[in-house]
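Dropping input_16.cif in here (mmCIF, C-alpha atoms and all ligand atoms):
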```cif
data_query
#
loop_
_atom_site.label_atom_id
_atom_site.label_comp_id
_atom_site.auth_asym_id
_atom_site.auth_seq_id
_atom_site.Cartn_x
_atom_site.Cartn_y
_atom_site.Cartn_z
CA MET R 286 -14.62 8.87 -3.74
CA THR R 287 -14.64 5.16 -4.35
CA ASP R 288 -18.06 3.57 -4.78
CA LEU R 289 -17.68 0.27 -2.90
CA HIS R 290 -21.21 -1.02 -3.28
CA ILE R 291 -22.00 -2.18 -6.82
CA HIS R 292 -23.92 -5.21 -8.12
CA THR R 293 -23.64 -6.78 -11.59
CA TYR R 294 -25.06 -9.83 -13.38
CA PHE R 295 -23.25 -12.03 -10.88
CA SER R 296 -25.81 -10.95 -8.25
CA HIS R 297 -29.28 -12.49 -8.59
CA ASP R 298 -30.83 -9.02 -8.88
CA GLY R 299 -28.01 -7.30 -10.80
CA ARG R 300 -28.83 -5.97 -14.27
CA GLU R 301 -25.48 -4.85 -15.68
CA LYS R 302 -22.26 -6.31 -17.01
CA THR R 303 -19.23 -5.78 -14.78
CA GLU R 304 -17.26 -4.38 -17.70
CA ASN R 305 -19.86 -1.68 -18.40
CA TYR R 306 -19.26 -0.16 -14.96
CA VAL R 307 -15.50 -0.33 -15.47
CA LYS R 308 -15.77 1.48 -18.82
CA LYS R 309 -18.08 4.11 -17.35
CA ALA R 310 -15.76 4.64 -14.38
CA ILE R 311 -12.78 5.18 -16.71
CA GLU R 312 -14.82 7.55 -18.91
CA THR R 313 -15.79 9.63 -15.89
CA GLY R 314 -12.25 9.79 -14.51
CA LYS R 315 -12.57 7.48 -11.49
CA LYS R 316 -9.38 6.10 -10.03
CA ARG R 317 -10.95 2.91 -8.76
CA ILE R 318 -14.17 0.96 -8.47
CA GLY R 319 -15.35 -1.64 -5.94
CA PHE R 320 -17.73 -4.51 -6.68
CA SER R 321 -19.76 -6.14 -3.91
CA GLU R 322 -21.86 -8.97 -5.31
CA HIS R 323 -24.55 -10.48 -3.12
CA TYR R 324 -23.86 -13.71 -1.34
CA ASP R 325 -27.06 -14.52 0.53
CA TYR R 326 -26.38 -17.63 2.50
CA ASP R 327 -28.82 -16.13 5.02
CA CYS R 328 -31.58 -16.86 2.47
CA TYR R 329 -30.28 -20.38 1.95
CA VAL R 330 -30.32 -21.26 5.67
CA ASN R 331 -33.87 -19.90 5.85
CA GLY R 332 -35.07 -22.20 3.07
CA ASP R 333 -35.32 -19.45 0.46
CA ASP R 334 -34.20 -20.33 -3.07
CA THR R 335 -32.53 -16.99 -3.90
CA PRO R 336 -29.58 -18.04 -6.07
CA LEU R 337 -26.11 -17.63 -4.61
CA SER R 338 -23.56 -15.73 -6.71
CA ASP R 339 -20.91 -17.84 -8.43
CA ILE R 340 -17.88 -16.38 -6.67
CA ASP R 341 -15.37 -18.27 -8.85
CA ALA R 342 -16.87 -16.83 -12.03
CA TYR R 343 -17.06 -13.38 -10.43
CA ARG R 344 -13.41 -13.52 -9.37
CA ALA R 345 -12.34 -14.71 -12.84
CA GLU R 346 -14.11 -11.73 -14.42
CA ILE R 347 -12.44 -9.30 -11.99
CA GLU R 348 -9.06 -10.80 -12.86
CA ARG R 349 -9.77 -10.55 -16.60
CA LEU R 350 -10.80 -6.89 -16.27
CA ARG R 351 -7.82 -6.05 -14.07
CA LYS R 352 -5.52 -7.27 -16.85
CA LYS R 353 -7.47 -5.64 -19.65
CA TYR R 354 -7.65 -2.21 -17.99
CA GLU R 355 -4.33 -2.26 -16.17
CA GLY R 356 -2.94 1.22 -15.61
CA GLN R 357 -6.34 2.81 -16.29
CA ILE R 358 -8.29 1.92 -13.16
CA GLU R 359 -8.02 -0.11 -9.98
CA ILE R 360 -10.71 -2.78 -9.54
CA LEU R 361 -11.59 -4.02 -6.05
CA PHE R 362 -13.01 -7.46 -5.34
CA GLY R 363 -15.60 -7.14 -2.57
CA ILE R 364 -18.64 -9.08 -1.42
CA GLU R 365 -21.89 -8.32 0.41
CA PHE R 366 -22.93 -10.97 2.91
CA GLY R 367 -26.50 -11.17 4.18
CA TYR R 368 -26.04 -11.70 7.90
CA ASP R 369 -27.63 -14.59 9.74
CA LYS R 370 -26.12 -16.29 12.75
CA ARG R 371 -26.46 -19.68 11.03
CA ALA R 372 -24.38 -18.42 8.10
CA VAL R 373 -21.39 -17.32 10.19
CA GLU R 374 -19.29 -20.47 9.79
CA HIS R 375 -19.76 -20.53 6.02
CA TYR R 376 -18.90 -16.84 5.64
CA ARG R 377 -15.73 -17.33 7.67
CA GLU R 378 -14.67 -20.11 5.27
CA LEU R 379 -15.42 -17.97 2.20
CA ILE R 380 -13.37 -15.07 3.55
CA GLU R 381 -10.48 -17.45 4.16
CA ARG R 382 -10.78 -18.99 0.68
CA TYR R 383 -11.33 -15.89 -1.47
CA LYS R 384 -9.41 -13.16 0.36
CA PHE R 385 -11.83 -10.41 -0.68
CA ASP R 386 -10.59 -6.83 -0.70
CA TYR R 387 -13.48 -6.09 1.64
CA VAL R 388 -16.70 -7.54 3.04
CA ILE R 389 -19.93 -5.57 3.49
CA ASN R 390 -21.97 -7.10 6.30
CA SER R 391 -25.66 -6.38 5.72
CA VAL R 392 -28.98 -7.37 7.24
CA HIS R 393 -31.67 -8.18 4.68
CA LEU R 394 -33.77 -10.81 6.41
CA VAL R 395 -35.68 -10.45 9.64
CA GLY R 396 -37.17 -13.82 10.47
CA LYS R 397 -37.87 -15.31 7.06
CA HIS R 398 -38.80 -12.02 5.41
CA ASP R 399 -36.62 -9.73 3.37
CA CYS R 400 -37.46 -6.52 5.21
CA TYR R 401 -37.02 -4.61 1.93
CA TYR R 402 -40.50 -5.75 0.91
CA ASP R 403 -43.61 -4.29 2.40
CA GLU R 404 -44.80 -7.81 3.21
CA TYR R 405 -42.38 -7.74 6.16
CA CYS R 406 -44.13 -4.81 7.83
CA LYS R 407 -47.71 -5.61 6.99
CA ASP R 408 -48.85 -6.86 10.41
CA LEU R 409 -46.37 -4.87 12.47
CA SER R 410 -46.31 -1.35 13.84
CA LYS R 411 -43.37 0.78 12.69
CA ARG R 412 -41.89 0.50 16.18
CA GLU R 413 -42.04 -3.31 16.07
CA ALA R 414 -40.84 -3.71 12.49
CA TYR R 415 -37.91 -1.32 12.72
CA GLY R 416 -37.07 -2.40 16.27
CA LEU R 417 -36.71 -6.05 15.20
CA TYR R 418 -34.63 -5.02 12.22
CA LEU R 419 -32.29 -2.89 14.35
CA LYS R 420 -31.88 -5.71 16.88
CA LYS R 421 -30.66 -7.93 14.07
CA VAL R 422 -28.30 -5.18 12.89
CA LEU R 423 -26.90 -5.02 16.43
CA GLU R 424 -26.35 -8.78 16.37
CA SER R 425 -24.68 -8.52 12.94
CA VAL R 426 -22.11 -5.99 14.15
CA SER R 427 -20.72 -8.68 16.47
CA ALA R 428 -20.57 -11.32 13.70
CA ASP R 429 -17.72 -13.71 14.28
CA TYR R 430 -15.89 -13.26 10.96
CA PRO R 431 -13.63 -10.50 9.72
CA TYR R 432 -15.62 -7.90 7.79
CA GLN R 433 -14.95 -4.22 7.13
CA ILE R 434 -18.27 -2.45 6.53
CA ILE R 435 -21.74 -2.39 8.09
CA GLY R 436 -24.04 -1.94 5.09
CA HIS R 437 -27.10 0.28 4.64
CA ILE R 438 -28.42 0.67 8.21
CA GLY R 439 -32.07 1.61 7.74
CA TYR R 440 -32.70 -0.84 4.88
CA ALA R 441 -36.10 -1.81 6.33
CA ALA R 442 -37.26 1.77 5.73
CA ARG R 443 -36.59 1.77 1.97
CA TYR R 444 -39.99 0.48 0.86
CA SER R 445 -42.12 0.26 3.98
CA HIS R 446 -45.76 1.36 3.83
CA TYR R 447 -45.74 3.67 6.86
CA GLU R 448 -46.80 7.21 6.18
CA ASP R 449 -43.59 8.47 7.71
CA LYS R 450 -41.21 5.72 6.68
CA LYS R 451 -38.04 7.31 8.06
CA MET R 452 -35.99 5.60 10.75
CA PRO R 453 -34.59 8.62 12.61
CA TYR R 454 -32.19 8.46 15.51
CA CYS R 455 -34.65 9.99 17.98
CA GLU R 456 -37.25 7.24 17.54
CA PHE R 457 -34.80 4.41 18.25
CA ALA R 458 -32.08 6.21 20.21
CA ASP R 459 -31.23 3.35 22.58
CA LEU R 460 -30.85 0.75 19.84
CA PHE R 461 -28.91 3.10 17.58
CA ASP R 462 -26.57 3.97 20.43
CA GLU R 463 -25.86 0.31 21.10
CA ILE R 464 -25.22 -0.32 17.40
CA LEU R 465 -23.00 2.73 16.88
CA LYS R 466 -20.96 2.09 20.03
CA GLU R 467 -20.42 -1.50 18.94
CA ILE R 468 -19.33 -0.35 15.45
CA ILE R 469 -16.76 1.94 17.08
CA ARG R 470 -15.61 -0.70 19.56
CA ARG R 471 -15.19 -3.27 16.81
CA ASP R 472 -13.40 -0.67 14.67
CA VAL R 473 -15.43 -1.29 11.49
CA PHE R 474 -16.82 1.21 8.96
CA LEU R 475 -20.25 2.79 8.64
CA GLU R 476 -21.56 2.79 5.08
CA LEU R 477 -23.39 5.82 3.69
CA ASN R 478 -25.62 4.12 1.12
CA THR R 479 -27.41 6.34 -1.38
CA SER R 480 -30.04 3.82 -2.46
CA THR R 481 -33.08 5.44 -0.86
CA LYS R 482 -36.56 5.70 -2.26
CA SER R 483 -37.59 8.64 -0.13
CA GLU R 484 -36.40 12.18 0.34
CA THR R 485 -33.48 11.06 2.53
CA GLU R 486 -30.11 11.43 0.85
CA PHE R 487 -28.56 8.27 2.23
CA LEU R 488 -28.93 5.44 4.72
CA PRO R 489 -28.64 5.63 7.65
CA ASP R 490 -30.49 8.90 8.28
CA LYS R 491 -28.18 11.88 8.63
CA ASP R 492 -28.94 12.24 12.34
CA VAL R 493 -27.71 8.67 12.89
CA ALA R 494 -24.46 9.44 11.05
CA GLU R 495 -24.09 12.60 13.15
CA ARG R 496 -24.63 10.66 16.35
CA TYR R 497 -21.92 8.19 15.24
CA ILE R 498 -19.52 11.14 14.88
CA ASP R 499 -20.58 12.52 18.30
CA LEU R 500 -19.78 9.15 19.85
CA GLY R 501 -16.28 9.25 18.32
CA GLY R 502 -16.87 7.41 15.02
CA LYS R 503 -14.71 8.53 12.11
CA LYS R 504 -14.82 5.67 9.62
CA PHE R 505 -17.10 6.01 6.60
CA THR R 506 -17.49 4.31 3.25
CA TYR R 507 -19.67 5.32 0.33
CA GLY R 508 -21.90 2.99 -1.71
CA SER R 509 -24.48 3.70 -4.40
CA ASP R 510 -25.78 0.11 -4.21
CA ALA R 511 -26.23 0.33 -7.99
CA HIS R 512 -27.74 -2.67 -9.74
CA ASP R 513 -27.38 -1.03 -13.15
CA LEU R 514 -25.53 1.94 -14.66
CA LYS R 515 -28.38 4.36 -13.99
CA ARG R 516 -27.66 4.53 -10.27
CA PHE R 517 -23.87 4.23 -10.47
CA TYR R 518 -22.31 6.98 -8.32
CA GLU R 519 -25.76 8.39 -7.54
CA LYS R 520 -25.78 11.19 -4.95
CA GLU R 521 -22.02 10.96 -4.47
CA ASP R 522 -22.04 14.76 -4.12
CA LYS R 523 -24.46 14.56 -1.14
CA VAL R 524 -22.20 12.16 0.73
CA LYS R 525 -19.12 14.18 -0.12
CA GLU R 526 -20.78 17.36 1.09
CA PHE R 527 -21.76 15.73 4.39
CA LEU R 528 -18.30 14.27 5.02
CA ARG R 529 -16.53 17.52 4.13
CA LYS R 530 -18.79 19.56 6.38
CA LYS R 531 -18.08 17.21 9.27
CA GLY R 532 -14.33 17.05 8.57
CA MET R 533 -14.55 13.29 7.93
CA SER R 534 -12.81 11.02 5.42
CA ASN R 535 -14.05 8.33 3.09
CA TYR R 536 -12.24 5.00 2.83
CA PHE R 537 -11.69 2.04 0.51
CA PHE R 538 -9.91 -1.31 1.04
CA ARG R 539 -7.19 -3.39 -0.56
CA ASN R 540 -6.82 -6.86 0.94
CA GLY R 541 -8.89 -5.73 3.89
CA ILE R 542 -6.58 -2.78 4.64
CA ALA R 543 -8.26 0.63 4.74
CA GLU R 544 -6.99 3.66 2.87
CA LYS R 545 -8.39 7.19 2.65
CA ASP R 546 -9.93 8.56 -0.52
CA GLU R 547 -9.08 12.09 -1.55
CA LEU R 548 -12.21 14.16 -1.06
ZN ZN B 1 -27.88 -5.05 0.71
ZN ZN B 2 -26.20 -4.30 -2.10
#
```
Can you give me the file's structure in the form of structure tokens?
Amino acid sequence: MTDLHIHTYFSHDGREKTENYVKKAIETGKKRIGFSEHYDYDCYVNGDDTPLSDIDAYRAEIERLRKKYEGQIEILFGIEFGYDKRAVEHYRELIERYKFDYVINSVHLVGKHDCYYDEYCKDLSKREAYGLYLKKVLESVSADYPYQIIGHIGYAARYSHYEDKKMPYCEFADLFDEILKEIIRRDVFLELNTSTKSETEFLPDKDVAERYIDLGGKKFTYGSDAHDLKRFYEKEDKVKEFLRKKGMSNYFFRNGIAEKDEL
């Protein structure tokens, strides 16, 4: 499977050189690799000083590596946008200018807080905190720019302080149904993201992915969300096992056009 969710030094929180992933992917027999650096204009419009990735430098490095490793591996040029309705216009321009192979549309901020940090949940019940997060995810699915993938649904559960931090389908069935139906209607892809700090194998919870299939969804992508080599391709086997069992395929993108991976 192609890992489409990888961060390098070009992302503010990345800890690895792009080339190190490429070398590792070749060593381990991968056919292709997809990078998805952060571009958090959502932070910028909320007055946060999180640095924006230098997309020109990132693209130049991808081009250099494509030449250097030609014939050995395919390298995909993706991006991860942090959704905010005030960032829509800017994202549309970037997509037009850079012609990414694919765009991952993710929600990180709810209000001014990155809901990854426990700070976000501290004065809220689980129902309130996760409900607000899922409402923003629902809004993000309808974002008015062309993207391919909805990233890591359930992100707010990664580090929350609740005793049971999971975000299962049954606790938020109405919101999940609205989100999943909108993903299907818009014909975009649901990411299975293996960056989880709990016992869950991937985000979103398996029962959410199963509900997506029950509603007619068939389009999945895989992402480790690695920020260094340690987590590169983590739990790929778990995602593969799930997709195989359900008779589903995994996809990657060239110039925004989806193709199936061989499972
Ligand atoms: Zn993300
Ligand atoms: Zn990411």
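Proximal residues of ligand ZN 1 (chain B) are R:His290, R:His323, R:Glu365, R:Phe366, R:Gly367, R:Ile389, R:Asn390, R:Ser391, R:Val392, R:His393, R:Gly436, R:His437, R:Tyr440, R:Asp510, by a cut-off of 9 Å on all atoms listed in the file.
Take the candidates R:Ile438, R:Ile311, R:Ile360, R:Met533 and check each one against ligand ZN 2 (chain B) using all atoms listed in the file; the shortest distance goes to R:Ile438.
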Can you pull out the residues contacting region 539-547 of chain R? Cut-off 12 Å, using all atoms listed in the file, and skip same-chain residues under 2 positions away; I want them as a PyMOL selection string. chain R and resi 286-289+315-319+359-364+380-381+383-389+431-434+472-474+503-507+525+528-529+533-537
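The closest residue to Lys466 (chain R), picked from R:Tyr497, R:Tyr518, R:Tyr447, R:Tyr454 and counting only C-alpha atoms, is R:Tyr497.
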Given all atoms listed in the file as the counted atoms, nearest of R:Asn305, R:Thr485, R:Asn478, R:Ser427 to Met452 (chain R): R:Thr485
Calculate how many Å separate CA of Phe517 (chain R) from CA of Arg349 (chain R), rounding to one decimal. 21.3 Å
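Every protein or nucleic acid residue with an atom no more than 12 Å from Arg516 (chain R), counting all atoms listed in the file and leaving out same-chain residues fewer than 3 positions away, appears here: Asp288, His290, Ile291, His292, Gly299, Arg300, Glu301, Tyr306, Lys309, Asn478, Thr479, Ser480, Thr481, Gly508, Ser509, Asp510, Ala511, His512, Asp513, Glu519, Lys520 and Glu521 of chain R.
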Which residue out of R:Glu374, R:Glu424, R:Asp399, R:Glu456 has the minimum interatomic distance to Lys411 (chain R) when all atoms listed in the file are used? R:Glu456
Would you pick out the contacts of Tyr405 (chain R) at 12 Å or less, using all atoms listed in the file, so that residues sharing its chain but fewer than 6 positions from it are not included, and give the list as an mmCIF file with C-alpha atoms, in the frame of the given file?
```cif
data_model
loop_
_atom_site.group_PDB
_atom_site.id
_atom_site.type_symbol
_atom_site.label_atom_id
_atom_site.label_comp_id
_atom_site.auth_asym_id
_atom_site.auth_seq_id
_atom_site.Cartn_x
_atom_site.Cartn_y
_atom_site.Cartn_z
ATOM 1 C CA HIS R 393 -31.670 -8.180 4.680
ATOM 2 C CA LEU R 394 -33.770 -10.810 6.410
ATOM 3 C CA VAL R 395 -35.680 -10.450 9.640
ATOM 4 C CA GLY R 396 -37.170 -13.820 10.470
ATOM 5 C CA LYS R 397 -37.870 -15.310 7.060
ATOM 6 C CA HIS R 398 -38.800 -12.020 5.410
ATOM 7 C CA ASP R 399 -36.620 -9.730 3.370
ATOM 8 C CA LYS R 411 -43.370 0.780 12.690
ATOM 9 C CA GLU R 413 -42.040 -3.310 16.070
ATOM 10 C CA ALA R 414 -40.840 -3.710 12.490
ATOM 11 C CA TYR R 415 -37.910 -1.320 12.720
ATOM 12 C CA LEU R 417 -36.710 -6.050 15.200
ATOM 13 C CA TYR R 418 -34.630 -5.020 12.220
ATOM 14 C CA TYR R 440 -32.700 -0.840 4.880
ATOM 15 C CA ALA R 441 -36.100 -1.810 6.330
ATOM 16 C CA ALA R 442 -37.260 1.770 5.730
ATOM 17 C CA ARG R 443 -36.590 1.770 1.970
ATOM 18 C CA TYR R 444 -39.990 0.480 0.860
ATOM 19 C CA SER R 445 -42.120 0.260 3.980
ATOM 20 C CA HIS R 446 -45.760 1.360 3.830
ATOM 21 C CA TYR R 447 -45.740 3.670 6.860
#
```
Using all atoms listed in the file, which residue out of R:Val426, R:Asp449, R:Glu476, R:Glu346 lies closest to ligand ZN 2 (chain B)? R:Glu476
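From CA of Arg496 (chain R) back to CA of Lys451 (chain R), the distance works out to 16.1 Å.
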Near-Leu460 (chain R) list (8 Å; only C-alpha atoms; drop same-chain fewer than 5 positions) as a compact mmCIF listing (two decimals) with C-alpha atoms, in the frame of the given file:
```
# COMPACT_ATOMS: atom_id res chain seq x y z
CA GLY R 416 -37.07 -2.40 16.27
CA LEU R 419 -32.29 -2.89 14.35
CA LYS R 420 -31.88 -5.71 16.88
CA LEU R 423 -26.90 -5.02 16.43
```
Export region 426-453 of chain R from the structure block above, keeping N, CA and C atoms, as a tab-separated table (two decimals), in the first residue's frame.
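Written file, part-v4.tsv:
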```
chain	number	residue	atom	x	y	z
R	426	VAL	N	-15.75	18.89	5.15
R	426	VAL	CA	-16.03	18.00	4.01
R	426	VAL	C	-16.57	18.81	2.83
R	427	SER	N	-17.33	19.86	3.14
R	427	SER	CA	-17.92	20.69	2.08
R	427	SER	C	-17.00	21.82	1.63
R	428	ALA	N	-15.74	21.81	2.04
R	428	ALA	CA	-14.82	22.91	1.69
R	428	ALA	C	-14.82	23.18	0.19
R	429	ASP	N	-14.82	24.47	-0.13
R	429	ASP	CA	-14.95	24.86	-1.53
R	429	ASP	C	-13.59	24.95	-2.23
R	430	TYR	N	-12.87	23.85	-2.25
R	430	TYR	CA	-11.66	23.71	-3.07
R	430	TYR	C	-11.51	22.22	-3.36
R	431	PRO	N	-10.82	21.90	-4.45
R	431	PRO	CA	-10.71	20.48	-4.79
R	431	PRO	C	-9.68	19.76	-3.93
R	432	TYR	N	-10.13	18.85	-3.11
R	432	TYR	CA	-9.22	18.01	-2.31
R	432	TYR	C	-9.62	16.56	-2.53
R	433	GLN	N	-8.76	15.64	-2.12
R	433	GLN	CA	-9.03	14.22	-2.37
R	433	GLN	C	-9.40	13.45	-1.09
R	434	ILE	N	-8.75	13.83	0.04
R	434	ILE	CA	-8.81	12.95	1.22
R	434	ILE	C	-9.27	13.72	2.45
R	435	ILE	N	-10.15	13.11	3.24
R	435	ILE	CA	-10.49	13.65	4.57
R	435	ILE	C	-9.56	12.97	5.58
R	436	GLY	N	-8.71	13.76	6.21
R	436	GLY	CA	-7.67	13.20	7.08
R	436	GLY	C	-8.13	12.90	8.50
R	437	HIS	N	-7.55	11.88	9.05
R	437	HIS	CA	-7.64	11.48	10.46
R	437	HIS	C	-8.90	11.92	11.23
R	438	ILE	N	-10.07	11.45	10.84
R	438	ILE	CA	-11.28	11.75	11.61
R	438	ILE	C	-11.13	11.09	12.99
R	439	GLY	N	-11.27	11.89	14.03
R	439	GLY	CA	-11.07	11.37	15.39
R	439	GLY	C	-9.83	11.95	16.05
R	440	TYR	N	-9.18	12.85	15.33
R	440	TYR	CA	-7.94	13.51	15.80
R	440	TYR	C	-8.06	14.05	17.23
R	441	ALA	N	-9.21	14.60	17.58
R	441	ALA	CA	-9.38	15.19	18.92
R	441	ALA	C	-9.28	14.14	20.02
R	442	ALA	N	-9.37	12.86	19.65
R	442	ALA	CA	-9.31	11.80	20.66
R	442	ALA	C	-7.88	11.32	20.92
R	443	ARG	N	-6.93	11.76	20.10
R	443	ARG	CA	-5.56	11.22	20.22
R	443	ARG	C	-4.96	11.41	21.61
R	444	TYR	N	-5.08	12.60	22.16
R	444	TYR	CA	-4.42	12.90	23.44
R	444	TYR	C	-5.36	13.41	24.52
R	445	SER	N	-6.65	13.24	24.35
R	445	SER	CA	-7.56	13.84	25.32
R	445	SER	C	-7.42	13.17	26.69
R	446	HIS	N	-7.92	13.84	27.71
R	446	HIS	CA	-7.70	13.34	29.09
R	446	HIS	C	-8.82	12.43	29.58
R	447	TYR	N	-9.86	12.24	28.77
R	447	TYR	CA	-11.00	11.46	29.24
R	447	TYR	C	-10.59	10.01	29.50
R	448	GLU	N	-11.22	9.44	30.50
R	448	GLU	CA	-10.84	8.08	30.88
R	448	GLU	C	-11.04	7.13	29.69
R	449	ASP	N	-12.20	7.26	29.05
R	449	ASP	CA	-12.41	6.52	27.82
R	449	ASP	C	-12.31	7.54	26.68
R	450	LYS	N	-11.13	7.61	26.06
R	450	LYS	CA	-10.93	8.70	25.10
R	450	LYS	C	-11.43	8.38	23.70
R	451	LYS	N	-11.96	7.18	23.50
R	451	LYS	CA	-12.39	6.80	22.14
R	451	LYS	C	-13.54	7.66	21.64
R	452	MET	N	-13.66	7.72	20.33
R	452	MET	CA	-14.74	8.48	19.70
R	452	MET	C	-15.53	7.49	18.82
R	453	PRO	N	-16.28	6.59	19.46
R	453	PRO	CA	-16.93	5.53	18.68
R	453	PRO	C	-18.16	6.04	17.93
```
